[in-house]
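Below: the structure, in structure tokens.
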Amino acid sequence: PPPFATARLDALPLEPAYAEEMAAVLADPALYVFTGGEPPDPAALRARYERQCAGSPDAGERWWNWVLRVREDGSLAGYVQATVRGPRAEIAWVIGTPWQGRGYASEAAKGLAAHLVVAGGVREFVAHIHPDHAASGAVATAAGLRPTGEWQDGEQRWAAYVPLPPTP
């Protein structure tokens, strides 16, 4: 996927070389309270990144993943990702604990949505959020998503639709 930028972040296409630094970003067990799992070690994260970079085995699906670099100090702070199928993208975001509370997640999610509309032709966005994860709900709201009332695996489906521009 092409890179994109927001006011304070550079979204860089995922590469296995980021695994060691990202393992440190994702090391806090608190990041997994709502999603499950545990902090990955660098080797496991590198293997995951290699699979993600290889792309989906489904030809109709694109896996787009970016790490987020804070422009001010050059550190990686998290990631955003999208599974794109036609005009629909399922999106997710994670910001490491030391960088939380600064608006990076909302900035990244808004930037991701805008980028996917332009670069990917996306018109529908979906995210799945644990009902007790207020911070992720706030990020989804900032990115224009709203709860749908639909549930999957204990998480609420949030969605947004971007209308096609009028034809002249």
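Residue numbering restarts at 1 in every chain; chains get A, B, ... in the order shown in the structure tokens, and ligands count up from 1 in that same order.
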
Query raised in the report: What's the 12 Å shell around Ala44 of chain A, counting only C-alpha atoms, without same-chain residues fewer than 6 positions away, as a list in words?
Result: Pro16, Ala19, Glu20, Met22, Ala23, Glu38, Glu50 and Arg51 of chain A

Query - Distance query Ala7 of chain A at most 12 Å, only C-alpha atoms, self and fewer than 4 positions along chain excluded, as a ChimeraX atom specification - result: /A:11,69-72,103-104,106-108,110-111

Requested in this report: Please provide the set of residues having any atom within 9 Å of Pro131 of chain A, restricted to only C-alpha atoms, with same-chain residues fewer than 5 positions apart removed, written as a ChimeraX atom specification.
Outcome: /A:34,137,154-156

Query raised in the report: In Å, how far is it from atom CA of Gly74 of chain A to atom CA of Val117 of chain A?
Result: 26.9 Å

**Report entry** Which residue of A:Ala113, A:Ala160, A:Val80, A:Val122 approaches Leu12 of chain A most closely, using only C-alpha atoms
**Finding:**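 Distance minimum relative to Leu12 of chain A lands on A:Val80.
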
**Report entry** Backbone-only DSSP, strand (DSSP E) members of segment 7-167 of chain A, as a PyMOL selection string
**Finding:** chain A and resi 9-13+62-70+76-85+88-95+124-129+146-152+155-161

Would you save the residues from that selection as a compact mmCIF listing (two decimals), in the first residue's frame, using N, CA and C atoms?
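Written output follows (out-v9.txt):
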```txt
# COMPACT_ATOMS: atom_id res chain seq x y z
N LEU A 9 1.94 12.24 12.09
CA LEU A 9 2.34 10.84 11.90
C LEU A 9 2.65 10.54 10.44
N ASP A 10 3.62 9.67 10.25
CA ASP A 10 3.86 9.08 8.93
C ASP A 10 3.41 7.63 9.01
N ALA A 11 2.52 7.24 8.13
CA ALA A 11 2.07 5.85 8.04
C ALA A 11 2.91 5.18 6.96
N LEU A 12 3.77 4.28 7.41
CA LEU A 12 4.73 3.62 6.52
C LEU A 12 4.27 2.19 6.23
N PRO A 13 4.32 1.78 4.97
CA PRO A 13 3.91 0.40 4.67
C PRO A 13 4.69 -0.60 5.53
N ARG A 62 -7.41 -7.35 -0.28
CA ARG A 62 -6.09 -6.73 -0.09
C ARG A 62 -5.86 -6.51 1.41
N TRP A 63 -4.67 -6.87 1.86
CA TRP A 63 -4.27 -6.57 3.23
C TRP A 63 -3.35 -5.38 3.19
N TRP A 64 -3.81 -4.28 3.73
CA TRP A 64 -3.01 -3.06 3.78
C TRP A 64 -2.68 -2.77 5.24
N ASN A 65 -1.38 -2.70 5.53
CA ASN A 65 -0.90 -2.49 6.90
C ASN A 65 0.18 -1.42 6.91
N TRP A 66 0.11 -0.56 7.92
CA TRP A 66 1.10 0.49 8.08
C TRP A 66 1.54 0.57 9.53
N VAL A 67 2.81 0.87 9.77
CA VAL A 67 3.27 1.27 11.09
C VAL A 67 3.19 2.78 11.15
N LEU A 68 3.05 3.30 12.36
CA LEU A 68 2.90 4.73 12.54
C LEU A 68 4.15 5.30 13.19
N ARG A 69 4.81 6.19 12.48
CA ARG A 69 6.01 6.84 13.00
C ARG A 69 5.65 8.26 13.42
N VAL A 70 5.99 8.61 14.66
CA VAL A 70 5.78 9.96 15.16
C VAL A 70 6.87 10.84 14.55
N LEU A 76 8.38 4.67 16.43
CA LEU A 76 7.16 3.99 16.04
C LEU A 76 6.24 3.99 17.24
N ALA A 77 4.93 4.23 17.01
CA ALA A 77 3.98 4.36 18.11
C ALA A 77 2.81 3.39 17.99
N GLY A 78 2.67 2.69 16.87
CA GLY A 78 1.53 1.78 16.70
C GLY A 78 1.35 1.44 15.24
N TYR A 79 0.12 1.03 14.92
CA TYR A 79 -0.16 0.66 13.54
C TYR A 79 -1.64 0.87 13.22
N VAL A 80 -1.92 0.92 11.93
CA VAL A 80 -3.28 0.88 11.40
C VAL A 80 -3.29 -0.18 10.32
N GLN A 81 -4.46 -0.77 10.11
CA GLN A 81 -4.57 -1.80 9.09
C GLN A 81 -5.95 -1.80 8.49
N ALA A 82 -6.02 -2.32 7.27
CA ALA A 82 -7.30 -2.42 6.56
C ALA A 82 -7.30 -3.70 5.74
N THR A 83 -8.40 -4.41 5.83
CA THR A 83 -8.65 -5.53 4.93
C THR A 83 -9.67 -5.01 3.93
N VAL A 84 -9.24 -4.86 2.69
CA VAL A 84 -10.05 -4.21 1.67
C VAL A 84 -10.59 -5.25 0.70
N ARG A 85 -11.88 -5.22 0.52
CA ARG A 85 -12.56 -6.11 -0.42
C ARG A 85 -13.51 -5.22 -1.22
N ARG A 88 -15.23 -1.96 0.27
CA ARG A 88 -15.42 -2.11 1.71
C ARG A 88 -14.09 -2.40 2.39
N ALA A 89 -13.85 -1.73 3.52
CA ALA A 89 -12.62 -1.96 4.30
C ALA A 89 -12.98 -2.20 5.76
N GLU A 90 -12.40 -3.25 6.29
CA GLU A 90 -12.48 -3.48 7.73
C GLU A 90 -11.19 -2.91 8.30
N ILE A 91 -11.32 -1.97 9.23
CA ILE A 91 -10.15 -1.25 9.72
C ILE A 91 -9.91 -1.52 11.21
N ALA A 92 -8.65 -1.33 11.61
CA ALA A 92 -8.27 -1.47 13.01
C ALA A 92 -7.06 -0.58 13.28
N TRP A 93 -6.83 -0.30 14.56
CA TRP A 93 -5.74 0.56 14.95
C TRP A 93 -5.26 0.12 16.34
N VAL A 94 -3.99 0.31 16.59
CA VAL A 94 -3.41 0.07 17.91
C VAL A 94 -2.32 1.12 18.12
N ILE A 95 -2.37 1.77 19.27
CA ILE A 95 -1.33 2.72 19.66
C ILE A 95 -0.71 2.19 20.95
N GLU A 124 -17.13 2.06 2.16
CA GLU A 124 -17.74 1.55 3.40
C GLU A 124 -16.62 1.13 4.35
N PHE A 125 -16.74 1.57 5.59
CA PHE A 125 -15.77 1.23 6.62
C PHE A 125 -16.46 0.45 7.72
N VAL A 126 -15.76 -0.55 8.24
CA VAL A 126 -16.28 -1.37 9.33
C VAL A 126 -15.16 -1.55 10.35
N ALA A 127 -15.52 -1.50 11.61
CA ALA A 127 -14.60 -1.83 12.70
C ALA A 127 -15.41 -2.61 13.74
N HIS A 128 -14.74 -3.48 14.46
CA HIS A 128 -15.37 -4.25 15.53
C HIS A 128 -14.72 -3.84 16.84
N ILE A 129 -15.55 -3.40 17.79
CA ILE A 129 -15.04 -2.80 19.02
C ILE A 129 -15.73 -3.43 20.23
N ARG A 146 -20.07 4.79 13.27
CA ARG A 146 -21.13 4.78 14.28
C ARG A 146 -21.49 3.33 14.59
N PRO A 147 -21.92 3.06 15.84
CA PRO A 147 -22.32 1.69 16.17
C PRO A 147 -23.54 1.28 15.36
N THR A 148 -23.56 0.04 14.93
CA THR A 148 -24.67 -0.45 14.09
C THR A 148 -25.70 -1.25 14.87
N GLY A 149 -25.36 -1.67 16.08
CA GLY A 149 -26.25 -2.54 16.83
C GLY A 149 -26.04 -4.02 16.50
N GLU A 150 -25.16 -4.30 15.53
CA GLU A 150 -24.83 -5.68 15.18
C GLU A 150 -23.63 -6.12 16.00
N TRP A 151 -23.58 -7.43 16.32
CA TRP A 151 -22.51 -7.96 17.16
C TRP A 151 -21.86 -9.16 16.49
N GLN A 152 -20.57 -9.30 16.76
CA GLN A 152 -19.81 -10.45 16.26
C GLN A 152 -18.73 -10.77 17.27
N GLU A 155 -18.07 -8.35 20.09
CA GLU A 155 -17.72 -6.97 19.74
C GLU A 155 -18.84 -6.35 18.90
N GLN A 156 -19.02 -5.06 19.08
CA GLN A 156 -20.03 -4.36 18.31
C GLN A 156 -19.45 -3.91 16.97
N ARG A 157 -20.28 -4.05 15.94
CA ARG A 157 -19.88 -3.60 14.60
C ARG A 157 -20.16 -2.11 14.50
N TRP A 158 -19.16 -1.36 14.07
CA TRP A 158 -19.28 0.06 13.79
C TRP A 158 -19.12 0.22 12.29
N ALA A 159 -19.77 1.20 11.70
CA ALA A 159 -19.67 1.37 10.25
C ALA A 159 -19.81 2.84 9.86
N ALA A 160 -19.31 3.12 8.67
CA ALA A 160 -19.45 4.44 8.04
C ALA A 160 -19.55 4.23 6.54
N TYR A 161 -20.29 5.09 5.90
CA TYR A 161 -20.46 5.02 4.45
C TYR A 161 -20.09 6.38 3.86
```

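Remark: for Ala135 of chain A, the closest of the candidate residues A:Pro163, A:Gly121, A:Gly101, A:Gly60 is A:Gly101 (distances computed over only C-alpha atoms).
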
**Report entry** Among listed residues A:Gly96, A:Gly36, A:Gly86, A:Pro1, nearest His130 of chain A (using only C-alpha atoms)
**Finding:** A:Gly36

Requested in this report: Considering only C-alpha atoms, state which residue in the set A:Gln52, A:Thr97, A:Thr141, A:Ser136 is at the smallest distance from Leu26 of chain A.
Outcome: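 Ranking A:Gln52, A:Thr97, A:Thr141, A:Ser136 by distance to Leu26 of chain A, first place goes to A:Thr97.
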